[in-house]
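The structure file upload-v1.cif is reproduced below (mmCIF, C-alpha atoms and all ligand atoms).
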```cif
data_entry
#
loop_
_atom_site.label_atom_id
_atom_site.label_comp_id
_atom_site.auth_asym_id
_atom_site.auth_seq_id
_atom_site.Cartn_x
_atom_site.Cartn_y
_atom_site.Cartn_z
CA MET A 777 14.14 34.93 -57.88
CA SER A 778 10.47 35.06 -56.90
CA ASN A 779 9.14 37.90 -54.76
CA LEU A 780 8.48 35.41 -52.01
CA ALA A 781 12.11 34.30 -51.94
CA ALA A 782 13.46 37.83 -52.35
CA ASN A 783 11.44 39.17 -49.43
CA PHE A 784 11.70 36.25 -47.04
CA PRO A 785 15.12 36.87 -45.41
CA ALA A 786 14.31 40.43 -44.35
CA ALA A 787 10.79 39.46 -43.30
CA LEU A 788 12.16 36.65 -41.14
CA ALA A 789 14.74 38.96 -39.58
CA ALA A 790 12.01 41.48 -38.77
CA VAL A 791 9.81 38.82 -37.13
CA ARG A 792 12.77 37.54 -35.12
CA ALA A 793 13.46 41.09 -33.96
CA ARG A 794 9.82 41.46 -32.86
CA ILE A 795 10.06 38.17 -30.96
CA ALA A 796 13.32 39.26 -29.31
CA ALA A 797 11.83 42.60 -28.28
CA ALA A 798 8.69 40.98 -26.89
CA CYS A 799 10.77 38.42 -24.97
CA ALA A 800 13.00 41.14 -23.55
CA ALA A 801 9.96 43.12 -22.42
CA ALA A 802 8.48 40.01 -20.81
CA GLY A 803 11.75 38.82 -19.28
CA ARG A 804 11.59 35.59 -21.30
CA ASP A 805 14.30 33.61 -23.05
CA PRO A 806 13.57 33.71 -26.82
CA ALA A 807 14.45 30.02 -26.96
CA THR A 808 11.18 29.31 -25.12
CA VAL A 809 9.04 30.75 -27.94
CA ARG A 810 8.90 28.74 -31.15
CA LEU A 811 7.97 30.35 -34.43
CA LEU A 812 5.69 28.29 -36.66
CA PRO A 813 5.72 29.65 -40.23
CA VAL A 814 2.17 29.53 -41.63
CA THR A 815 2.31 28.67 -45.32
CA LYS A 816 -1.43 28.48 -46.05
CA ASN A 817 -2.51 30.11 -49.30
CA HIS A 818 1.14 30.29 -50.33
CA PRO A 819 2.85 27.89 -52.74
CA ALA A 820 5.10 24.99 -51.78
CA GLU A 821 7.98 27.39 -52.32
CA ALA A 822 7.09 29.03 -48.98
CA VAL A 823 7.55 25.67 -47.28
CA ALA A 824 10.89 25.19 -49.04
CA LEU A 825 12.04 28.64 -47.89
CA ALA A 826 11.07 27.87 -44.30
CA ALA A 827 12.81 24.50 -44.40
CA ALA A 828 15.95 26.03 -45.88
CA ALA A 829 15.95 28.62 -43.08
CA GLY A 830 16.01 25.78 -40.55
CA PHE A 831 12.36 25.51 -39.53
CA GLU A 832 11.30 21.98 -38.69
CA ALA A 833 7.54 22.53 -39.04
CA VAL A 834 5.01 24.66 -40.91
CA GLY A 835 1.35 25.41 -40.25
CA GLU A 836 -1.46 24.88 -42.74
CA ASN A 837 -5.17 25.47 -42.27
CA ARG A 838 -6.79 23.33 -44.96
CA VAL A 839 -6.33 19.60 -45.21
CA GLN A 840 -6.50 19.23 -48.99
CA GLU A 841 -4.28 22.22 -49.68
CA ALA A 842 -1.68 20.80 -47.31
CA VAL A 843 -1.86 17.31 -48.78
CA ALA A 844 -1.17 18.71 -52.26
CA LYS A 845 1.74 20.76 -50.94
CA GLN A 846 3.13 17.78 -49.07
CA ALA A 847 3.33 15.86 -52.34
CA GLU A 848 5.13 18.75 -54.05
CA CYS A 849 7.55 19.11 -51.15
CA ALA A 850 8.26 15.39 -51.04
CA ALA A 851 9.03 15.42 -54.76
CA GLN A 852 11.48 18.26 -54.18
CA GLY A 853 13.10 16.58 -51.19
CA VAL A 854 11.82 19.27 -48.81
CA ARG A 855 11.22 17.71 -45.41
CA VAL A 856 9.29 19.41 -42.62
CA ARG A 857 6.65 18.48 -40.07
CA TRP A 858 3.12 19.67 -40.81
CA GLU A 859 0.78 21.14 -38.24
CA LEU A 860 -2.92 21.61 -38.90
CA ILE A 861 -4.06 24.92 -37.41
CA GLY A 862 -7.35 25.48 -39.27
CA HIS A 863 -10.89 24.40 -38.58
CA LEU A 864 -11.28 20.65 -39.11
CA GLN A 865 -14.52 19.00 -40.14
CA SER A 866 -14.93 15.44 -38.97
CA ASN A 867 -15.32 14.20 -42.55
CA LYS A 868 -11.71 15.33 -43.19
CA ALA A 869 -10.34 13.98 -39.93
CA LYS A 870 -9.33 10.66 -41.46
CA LEU A 871 -7.11 12.42 -43.98
CA ALA A 872 -5.81 14.79 -41.30
CA ALA A 873 -4.84 11.92 -38.99
CA ARG A 874 -2.66 10.48 -41.75
CA HIS A 875 -1.16 13.64 -43.21
CA PHE A 876 -0.34 15.85 -40.24
CA ASP A 877 2.28 15.52 -37.55
CA ARG A 878 0.11 17.45 -35.13
CA VAL A 879 -3.44 18.79 -35.16
CA GLN A 880 -3.85 22.03 -33.18
CA SER A 881 -7.53 22.62 -33.93
CA VAL A 882 -9.31 19.89 -31.96
CA GLU A 883 -12.44 21.43 -30.52
CA ASN A 884 -14.98 18.69 -29.80
CA THR A 885 -15.32 15.09 -28.66
CA LYS A 886 -16.41 13.87 -32.08
CA LEU A 887 -13.12 15.04 -33.61
CA LEU A 888 -11.23 13.37 -30.77
CA ASP A 889 -13.09 10.12 -31.48
CA VAL A 890 -12.42 10.18 -35.22
CA LEU A 891 -8.78 11.28 -34.95
CA ASP A 892 -8.11 8.62 -32.31
CA ARG A 893 -9.72 5.89 -34.40
CA GLU A 894 -7.88 6.91 -37.56
CA ALA A 895 -4.52 7.39 -35.86
CA ALA A 896 -4.88 3.95 -34.30
CA ALA A 897 -5.78 2.47 -37.69
CA ALA A 898 -2.66 4.09 -39.15
CA GLY A 899 -0.58 2.65 -36.33
CA ARG A 900 0.50 5.98 -34.94
CA VAL A 901 0.11 8.23 -31.94
CA LEU A 902 -1.03 11.66 -33.09
CA PRO A 903 -0.04 14.72 -31.06
CA VAL A 904 -2.89 17.22 -30.69
CA LEU A 905 -3.72 20.54 -29.07
CA LEU A 906 -7.20 21.43 -27.84
CA GLN A 907 -8.46 24.65 -29.42
CA ILE A 908 -10.23 26.84 -26.89
CA ASN A 909 -12.28 29.92 -27.70
CA ALA A 910 -10.54 31.80 -24.91
CA GLY A 911 -11.74 35.17 -26.21
CA ASN A 912 -15.38 34.06 -26.18
CA ASP A 913 -15.52 35.19 -29.79
CA PRO A 914 -18.76 34.21 -31.54
CA ALA A 915 -16.88 34.36 -34.87
CA LYS A 916 -14.14 31.96 -33.82
CA PHE A 917 -13.94 28.20 -33.56
CA GLY A 918 -12.79 26.34 -30.50
CA ALA A 919 -14.38 24.77 -27.45
CA GLU A 920 -15.99 27.10 -24.96
CA PRO A 921 -13.78 27.58 -21.88
CA ALA A 922 -16.47 26.02 -19.66
CA ASP A 923 -16.32 22.85 -21.78
CA ALA A 924 -12.52 22.56 -21.64
CA PRO A 925 -12.37 20.16 -18.64
CA ALA A 926 -14.84 17.70 -20.20
CA LEU A 927 -13.01 17.91 -23.53
CA LEU A 928 -9.66 17.21 -21.88
CA GLU A 929 -11.12 14.35 -19.84
CA HIS A 930 -12.45 12.78 -23.04
CA ALA A 931 -9.12 13.37 -24.80
CA LEU A 932 -7.14 11.71 -22.02
CA GLY A 933 -9.01 8.48 -22.68
CA LYS A 934 -7.72 8.31 -26.26
CA ARG A 935 -4.79 5.96 -26.59
CA ALA A 936 -3.77 7.03 -30.08
CA LEU A 937 -3.71 10.75 -29.23
CA ARG A 938 -1.15 12.66 -27.19
CA ILE A 939 -2.52 15.90 -25.72
CA GLU A 940 0.33 18.41 -25.72
CA GLY A 941 -1.40 21.67 -24.83
CA LEU A 942 -3.89 24.31 -25.91
CA MET A 943 -4.36 26.63 -28.86
CA THR A 944 -6.42 29.78 -29.34
CA ILE A 945 -7.08 32.55 -31.84
CA ALA A 946 -7.77 35.99 -30.38
CA PRO A 947 -10.81 37.94 -31.60
CA LEU A 948 -10.09 40.59 -34.23
CA SER A 949 -10.09 43.93 -32.44
CA ASP A 950 -8.55 47.38 -32.61
CA ASP A 951 -7.97 47.16 -28.88
CA PRO A 952 -4.73 45.25 -28.13
CA GLU A 953 -6.03 44.48 -24.64
CA VAL A 954 -8.61 42.12 -26.16
CA ALA A 955 -5.87 39.83 -27.47
CA ARG A 956 -3.89 40.11 -24.27
CA ARG A 957 -6.91 39.14 -22.13
CA THR A 958 -7.64 36.23 -24.45
CA PHE A 959 -4.10 34.90 -24.11
CA ALA A 960 -4.06 35.39 -20.34
CA ASN A 961 -7.33 33.49 -20.20
CA LEU A 962 -5.90 30.56 -22.19
CA ARG A 963 -2.94 30.35 -19.83
CA THR A 964 -5.26 30.39 -16.80
CA ILE A 965 -7.41 27.65 -18.35
CA ARG A 966 -4.27 25.62 -18.97
CA ASP A 967 -3.04 26.08 -15.40
CA GLN A 968 -6.44 25.03 -14.03
CA LEU A 969 -6.52 21.93 -16.24
CA VAL A 970 -3.00 20.96 -15.20
CA ALA A 971 -3.91 21.35 -11.52
CA ARG A 972 -7.14 19.39 -11.88
CA PHE A 973 -5.97 16.54 -14.10
CA GLY A 974 -2.30 16.34 -13.14
CA VAL A 975 -1.18 16.26 -16.76
CA ASN A 976 1.47 18.12 -18.69
CA LEU A 977 0.03 20.67 -21.16
CA SER A 978 3.22 22.49 -21.99
CA GLU A 979 2.31 23.91 -25.41
CA LEU A 980 0.42 27.21 -25.52
CA SER A 981 -0.05 27.96 -29.20
CA MET A 982 -1.14 31.58 -29.33
CA GLY A 983 -0.19 34.73 -31.22
CA MET A 984 -0.11 35.58 -34.93
CA THR A 985 1.28 38.45 -37.03
CA GLY A 986 -0.87 41.11 -35.38
CA ASP A 987 -0.74 40.02 -31.76
CA LEU A 988 2.44 38.05 -31.20
CA ALA A 989 3.88 40.44 -28.60
CA ALA A 990 0.77 40.18 -26.41
CA ALA A 991 0.91 36.39 -26.74
CA ILE A 992 4.56 36.26 -25.73
CA ALA A 993 3.83 38.50 -22.74
CA GLU A 994 1.18 36.00 -21.61
CA GLY A 995 3.31 32.89 -21.96
CA SER A 996 2.94 31.69 -25.54
CA THR A 997 5.27 28.82 -26.42
CA MET A 998 4.41 28.88 -30.11
CA ILE A 999 3.45 31.79 -32.31
CA ARG A 1000 1.92 31.04 -35.71
CA VAL A 1001 2.99 33.64 -38.26
CA GLY A 1002 2.01 33.87 -41.91
CA THR A 1003 1.55 37.42 -43.21
CA ALA A 1004 4.67 38.91 -41.61
CA LEU A 1005 6.84 36.18 -43.18
CA PHE A 1006 5.27 35.58 -46.58
CA GLY A 1007 3.15 38.66 -47.28
CA GLU A 1008 -0.56 38.96 -47.88
CA ARG A 1009 -2.35 35.82 -48.98
CA THR A 1010 -4.54 35.41 -52.00
CA PRO A 1011 -7.53 33.54 -50.68
CA PRO A 1012 -8.30 30.34 -52.58
CA ALA A 1013 -11.32 30.35 -54.86
CA ALA A 1014 -12.98 27.51 -53.01
CA ALA A 1015 -12.60 26.05 -49.57
CA GLY A 1016 -10.67 22.81 -49.55
C1 LIG B 1 -3.69 32.15 -40.87
C2 LIG B 1 -3.49 31.74 -39.47
C3 LIG B 1 -2.39 32.21 -38.74
C4 LIG B 1 -1.38 33.20 -39.28
O1 LIG B 1 -1.99 34.45 -39.38
P1 LIG B 1 -1.16 35.75 -39.81
O2 LIG B 1 -1.98 36.85 -39.30
O3 LIG B 1 -1.07 35.71 -41.29
O4 LIG B 1 0.17 35.67 -39.17
C5 LIG B 1 -2.24 31.76 -37.44
N1 LIG B 1 -3.12 30.90 -36.89
C6 LIG B 1 -4.19 30.42 -37.56
C7 LIG B 1 -5.11 29.47 -36.88
C8 LIG B 1 -4.41 30.82 -38.87
O5 LIG B 1 -5.46 30.36 -39.53
#
```

Kindly present the structure from the file in structure tokens form.
Ligand SMILES: *Cc1c(COP(=O)(O)O)cnc(C)c1O
Amino acid sequence: MSNLAANFPAALAAVRARIAAACAAAGRDPATVRLLPVTKNHPAEAVALAAAAGFEAVGENRVQEAVAKQAECAAQGVRVRWELIGHLQSNKAKLAARHFDRVQSVENTKLLDVLDREAAAAGRVLPVLLQINAGNDPAKFGAEPADAPALLEHALGKRALRIEGLMTIAPLSDDPEVARRTFANLRTIRDQLVARFGVNLSELSMGMTGDLAAAIAEGSTMIRVGTALFGERTPPAAAG
């Protein structure tokens, strides 16, 4: 058995225990927090392990890497939904609109335009999340909070896109309060958008291996976890 497979059951149990503890501390039902296994920089075997454990979706951050893995998984009869969580360039949006079941990293109107056009051409409605730089982190992608209303307004005009909520990545920091403030800010932005536009933005995708408890405390509905489930990643030689 590979190391990945040997370590996965205990790693999954440990993550589930962290989720349960964070939910108990926050007075939340663990059924309201979904765990999205992040399989980026790990082989298709990681996807197969997640699927066998009952997960219906995985997260990937590079379009080409995911497309290659999707082919491997299909050949092995492994069926999951694929969520794009990484930075998306508009020249890859056509491929993304055809190969992902949801795109979480939509951060500007140009991406909305291209994804909408390509989803329509493929005859589908593509679920998306708007990525917001809720921690005002110069090193992170995402729309600036002040631009969120205009971005949502633009998104709501797209007939081939379904806007399901918001996503953020907290700034790297030794201070856990930084992540917590970022997540609280995303929730506030969501609540303001819902009040202003009268739409349903139920998904709050926030929290990763290092900050999932803070995210759950602030209302995360989806935590995206890679390292704690599959171990450290070997970064790919070239961006794809
Ligand atoms: C890699 C990644 C994750 C998972 O990060 P871990 O710290 O390994 O859990 C979550 N979200 C995004 C957007 C990522 O790129």

Put the listed atoms of ligand LIG 1 (chain B) in a box along x, y and z with 5 Å added on every side and give me the centre and edge lengths in Å to one decimal, as lines of an AutoDock Vina configuration file.
```
center_x = -2.6
center_y = 33.2
center_z = -39.1
size_x = 15.6
size_y = 17.4
size_z = 14.4
```

Original post:
Once you count all atoms listed in the file, which residues end up within 6 Å of ligand LIG 1 (chain B), and could you hand them over as a PyMOL selection string?
Top reply: chain A and resi 814+837+861-862+984-986+1000-1003

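Among the candidate residues A:Ser866, A:Ser981, A:Asn912, A:Thr997, the one lying nearest to Leu891 (chain A) is A:Ser866, with distances computed using only C-alpha atoms.
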
Using all atoms listed in the file, which protein or nucleic acid residues come within 12 Å of Leu988 (chain A)? Drop anything in the same chain fewer than 2 positions from it, and give the result as a compact mmCIF listing (two decimals) with C-alpha atoms, in the coordinates of the input.
```txt
# COMPACT_ATOMS: atom_id res chain seq x y z
CA VAL A 791 9.81 38.82 -37.13
CA ARG A 792 12.77 37.54 -35.12
CA ALA A 793 13.46 41.09 -33.96
CA ARG A 794 9.82 41.46 -32.86
CA ILE A 795 10.06 38.17 -30.96
CA ALA A 796 13.32 39.26 -29.31
CA ALA A 797 11.83 42.60 -28.28
CA ALA A 798 8.69 40.98 -26.89
CA CYS A 799 10.77 38.42 -24.97
CA VAL A 809 9.04 30.75 -27.94
CA ARG A 810 8.90 28.74 -31.15
CA LEU A 811 7.97 30.35 -34.43
CA LEU A 812 5.69 28.29 -36.66
CA ILE A 945 -7.08 32.55 -31.84
CA ALA A 946 -7.77 35.99 -30.38
CA PRO A 952 -4.73 45.25 -28.13
CA ALA A 955 -5.87 39.83 -27.47
CA ARG A 956 -3.89 40.11 -24.27
CA PHE A 959 -4.10 34.90 -24.11
CA SER A 981 -0.05 27.96 -29.20
CA MET A 982 -1.14 31.58 -29.33
CA GLY A 983 -0.19 34.73 -31.22
CA MET A 984 -0.11 35.58 -34.93
CA THR A 985 1.28 38.45 -37.03
CA GLY A 986 -0.87 41.11 -35.38
CA ALA A 990 0.77 40.18 -26.41
CA ALA A 991 0.91 36.39 -26.74
CA ILE A 992 4.56 36.26 -25.73
CA ALA A 993 3.83 38.50 -22.74
CA GLU A 994 1.18 36.00 -21.61
CA GLY A 995 3.31 32.89 -21.96
CA SER A 996 2.94 31.69 -25.54
CA THR A 997 5.27 28.82 -26.42
CA MET A 998 4.41 28.88 -30.11
CA ILE A 999 3.45 31.79 -32.31
CA ARG A 1000 1.92 31.04 -35.71
CA VAL A 1001 2.99 33.64 -38.26
CA GLY A 1002 2.01 33.87 -41.91
CA ALA A 1004 4.67 38.91 -41.61
```

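Atom pair CA of Gln846 (chain A) / CA of Pro806 (chain A) has a distance of 29.3 Å (rounded to one decimal).
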
Original post:
Which residue, A:Met943, A:Ala971, A:Val890, A:Leu937, has the smallest gap to Asn909 (chain A) when you use all atoms listed in the file?
Top reply: A:Met943

Subject >> Selected residue of minimal separation from Val823 (chain A) among A:Ala802, A:Val975, A:Cys849, A:Leu969, counting all atoms listed in the file >> reply: A:Cys849

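When all atoms listed in the file are used to compute distances to Asn976 (chain A), the closest of the residues A:Ala960, A:Glu940, A:Pro947, A:Ala842 turns out to be A:Glu940.
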
**OP:** Using only C-alpha atoms, collect all residues at a distance of at most 7 Å from (6.3, 27.8, -42.6) as written in the file, then present them as a count of residues only.
**Re:** 10

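Minimum atom-to-atom distance to Thr885 (chain A), evaluated using only C-alpha atoms, belongs to A:His930 out of A:Ser978, A:Asp913, A:His930, A:Gln865.
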